[in-house]
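Trainee: Enclosed is the structure file my_file_11.tsv (TSV, C-alpha atoms).
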chain	number	residue	atom	x	y	z
A	274	HIS	CA	31.71	284.86	-13.87
A	275	LEU	CA	28.82	282.97	-15.45
A	276	MET	CA	30.71	279.69	-15.41
A	277	GLU	CA	29.98	279.25	-11.72
A	278	GLU	CA	26.22	279.78	-12.23
A	279	TYR	CA	25.71	276.93	-14.71
A	280	GLU	CA	26.67	273.26	-14.80
A	281	TRP	CA	26.37	272.72	-18.57
A	282	PHE	CA	27.36	274.77	-21.63
A	283	HIS	CA	26.14	274.04	-25.15
A	284	LEU	CA	27.88	275.39	-28.25
A	285	GLY	CA	26.05	275.31	-31.54
A	286	GLY	CA	25.30	277.21	-34.69
A	287	ASP	CA	22.29	279.25	-35.70
A	288	ASP	CA	20.85	276.36	-37.71
A	289	MET	CA	20.65	273.87	-34.85
A	290	PHE	CA	17.44	272.64	-33.24
A	291	ILE	CA	17.29	271.49	-29.61
A	292	ILE	CA	14.47	270.09	-27.52
A	293	PRO	CA	15.54	271.60	-24.17
A	294	ASN	CA	13.62	269.18	-21.94
A	295	ASN	CA	15.18	266.17	-23.68
A	296	LEU	CA	18.68	267.62	-23.39
A	297	LYS	CA	18.14	268.57	-19.75
A	298	THR	CA	16.83	265.07	-18.90
A	299	TYR	CA	19.73	263.36	-20.65
A	300	LEU	CA	22.36	265.56	-18.98
A	301	ALA	CA	20.73	264.98	-15.58
A	302	SER	CA	21.01	261.22	-16.18
A	303	LEU	CA	24.75	261.58	-16.83
A	304	ALA	CA	25.21	263.56	-13.64
A	305	TYR	CA	23.18	261.03	-11.65
A	306	THR	CA	25.07	258.04	-13.05
A	307	HIS	CA	28.64	259.34	-13.39
A	308	GLY	CA	29.07	262.41	-11.19
A	309	SER	CA	28.46	266.13	-10.91
A	310	PRO	CA	29.23	268.26	-13.99
A	311	ARG	CA	30.91	270.72	-11.64
A	312	THR	CA	33.67	268.19	-10.93
A	313	THR	CA	33.37	265.53	-13.64
A	314	PRO	CA	34.52	266.35	-17.18
A	315	TYR	CA	31.92	265.57	-19.85
A	316	PHE	CA	32.24	266.37	-23.53
A	317	VAL	CA	28.92	265.37	-25.04
A	318	GLY	CA	27.86	265.33	-28.69
A	319	ARG	CA	27.80	263.38	-31.96
A	320	ARG	CA	31.05	261.55	-32.55
A	321	PHE	CA	32.54	261.54	-36.05
A	322	LYS	CA	35.91	260.36	-37.40
A	323	ASP	CA	38.13	262.63	-39.45
A	324	LEU	CA	40.25	261.40	-42.37
A	325	SER	CA	43.02	260.45	-39.93
A	326	HIS	CA	40.54	258.32	-37.96
A	327	ASN	CA	40.61	260.67	-34.97
A	328	HIS	CA	37.27	261.04	-33.24
A	329	PHE	CA	35.68	264.43	-32.62
A	330	ASN	CA	32.30	265.83	-31.63
A	331	THR	CA	30.89	267.42	-34.75
A	332	GLY	CA	29.65	270.98	-34.50
A	333	GLY	CA	26.53	270.35	-36.63
A	334	PRO	CA	24.19	269.44	-33.77
A	335	GLY	CA	26.37	271.33	-31.32
A	336	TYR	CA	28.14	269.84	-28.35
A	337	THR	CA	27.78	270.17	-24.61
A	338	MET	CA	30.53	270.63	-22.02
A	339	SER	CA	30.27	270.24	-18.29
A	340	GLN	CA	31.50	273.02	-16.05
A	341	ALA	CA	34.57	270.89	-15.21
A	342	THR	CA	35.37	270.53	-18.93
A	343	LEU	CA	34.93	274.21	-19.68
A	344	ARG	CA	37.16	275.12	-16.73
A	345	LYS	CA	39.87	272.75	-17.99
A	346	LEU	CA	39.56	274.19	-21.51
A	347	LEU	CA	39.79	277.79	-20.31
A	348	HIS	CA	42.87	277.08	-18.19
A	349	ASN	CA	44.64	275.41	-21.14
A	350	ILE	CA	43.32	277.22	-24.22
A	351	GLU	CA	46.68	278.92	-24.86
A	352	ALA	CA	48.66	275.65	-24.53
A	353	ASP	CA	50.38	274.33	-27.66
A	354	GLN	CA	48.24	271.15	-27.75
A	355	CYS	CA	45.16	273.37	-28.11
A	356	SER	CA	46.54	275.11	-31.24
A	357	PRO	CA	45.81	278.65	-30.05
A	358	ASN	CA	47.16	280.33	-33.20
A	359	LEU	CA	45.63	277.99	-35.77
A	360	LYS	CA	43.15	279.63	-38.13
A	361	THR	CA	40.61	277.05	-39.30
A	362	PRO	CA	36.85	276.68	-39.76
A	363	LYS	CA	37.08	273.28	-38.00
A	364	GLU	CA	36.59	274.48	-34.42
A	365	ASP	CA	34.86	271.21	-33.54
A	366	VAL	CA	37.92	269.15	-34.51
A	367	ILE	CA	40.35	271.50	-32.72
A	368	ILE	CA	38.29	271.63	-29.50
A	369	SER	CA	38.02	267.82	-29.52
A	370	GLN	CA	41.78	267.41	-30.07
A	371	CYS	CA	42.52	269.90	-27.31
A	372	LEU	CA	40.19	268.29	-24.79
A	373	THR	CA	41.41	264.78	-25.64
A	374	SER	CA	45.00	265.91	-25.06
A	375	LEU	CA	43.87	267.23	-21.66
A	376	GLY	CA	42.38	263.86	-20.71
A	377	VAL	CA	38.74	264.73	-21.44
A	378	HIS	CA	37.22	262.02	-23.60
A	379	LEU	CA	34.13	262.06	-25.79
A	380	THR	CA	31.01	260.89	-23.97
A	381	ASP	CA	29.08	258.16	-25.78
A	382	THR	CA	25.63	259.68	-26.21
A	383	ARG	CA	23.84	256.68	-27.70
A	384	ASP	CA	20.87	255.26	-25.85
A	385	ALA	CA	20.47	251.62	-24.72
A	386	LYS	CA	19.37	250.64	-28.25
A	387	GLY	CA	22.39	252.30	-29.88
A	388	ARG	CA	20.43	255.29	-31.22
A	389	GLU	CA	22.10	258.69	-31.38
A	390	ARG	CA	20.85	261.58	-29.25
A	391	TYR	CA	22.72	264.32	-31.14
A	392	HIS	CA	21.82	264.33	-34.84
A	393	HIS	CA	24.04	265.96	-37.42
A	394	PHE	CA	21.59	265.69	-40.30
A	395	ASP	CA	18.22	267.40	-40.65
A	396	PRO	CA	15.06	265.39	-39.89
A	397	GLY	CA	13.95	265.31	-43.55
A	398	TRP	CA	17.22	263.69	-44.60
A	399	MET	CA	17.03	261.20	-41.72
A	400	MET	CA	13.45	260.19	-42.62
A	401	ASP	CA	14.46	259.43	-46.22
A	402	TYR	CA	17.83	257.80	-45.42
A	403	THR	CA	18.63	254.44	-46.99
A	404	PRO	CA	21.94	252.78	-46.06
A	405	ARG	CA	24.34	252.16	-48.94
A	406	LYS	CA	24.71	248.58	-50.09
A	407	ARG	CA	28.26	247.30	-49.91
Would you mind writing the structure in this file as structure tokens?
Mentor:
Amino acid sequence: HLMEEYEWFHLGGDDMFIIPNNLKTYLASLAYTHGSPRTTPYFVGRRFKDLSHNHFNTGGPGYTMSQATLRKLLHNIEADQCSPNLKTPKEDVIISQCLTSLGVHLTDTRDAKGRERYHHFDPGWMMDYTPRKR
């Protein structure tokens, strides 16, 4: 099975853009600091809150799972807490809820300055972004 050949698995749509060397360097830093992805569960991506204030990794920029996380997901995908029969376009929310119920928490992907590494919005939108005044 391919799961044993790779340490990291990235899920994303056909409109996502990745700089592989940056992703590889960042994931290597996690493994160096916190433990091997073969044995340590990581669920890496851009955290959002849904309307119920539950956090999830949004599917826009994609999200990355360690081998340990994928193994846990595969062994529990049919469990009730993973909603195996739910039909929804919100796979990112469901996967996040499932993994959280299995004890796998979202990995904070911000750098030392608080900047995000996984970006949900396209670069043009980000360049022209002005925060709303409250």
Trainee: Using only C-alpha atoms, which of the listed residues (A:Tyr315, A:Leu300, A:Ser309, A:Trp281) sits closest to Leu379 in chain A?
Mentor: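 Result for the nearest residue to Leu379 in chain A: A:Tyr315.
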Trainee: In the coordinates of the file, take the point (24.9, 268.0, -35.3) and a cut-off of 7 Å; then, counting all atoms listed in the file, name each qualifying protein, DNA or RNA residue as a list in words.
Mentor: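 Protein and nucleic acid residues near the point are Arg319, Thr331, Gly332, Gly333, Pro334, Gly335, Tyr391, His392, His393 and Phe394 of chain A.
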Trainee: Quote the spacing between CA of Ala301 in chain A and CA of Ser339 in chain A in Å to one decimal place.
Mentor: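 If I compute the distance from CA of Ala301 in chain A to CA of Ser339 in chain A, I get 11.2 Å.
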Trainee: Could you check the closest approach to Ser369 in chain A for each of A:Lys322, A:Lys406, A:His348, A:Lys386 and tell me which residue wins, using all atoms listed in the file?
Mentor: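 Of all the options, A:Lys322 lies closest to Ser369 in chain A.
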Trainee: With distances taken over all atoms listed in the file, which residue among A:Ser356, A:Ser325, A:Asn349, A:Thr313 lies nearest His378 in chain A?
Mentor: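 Result for the nearest residue to His378 in chain A: A:Thr313.
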Trainee: For Gln340 in chain A, which residue among A:Gly376, A:Ala352, A:Ala304, A:Asp288 is the nearest when counting only C-alpha atoms?
Mentor: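 Of A:Gly376, A:Ala352, A:Ala304, A:Asp288, the one nearest Gln340 in chain A is A:Ala304, counting only C-alpha atoms.
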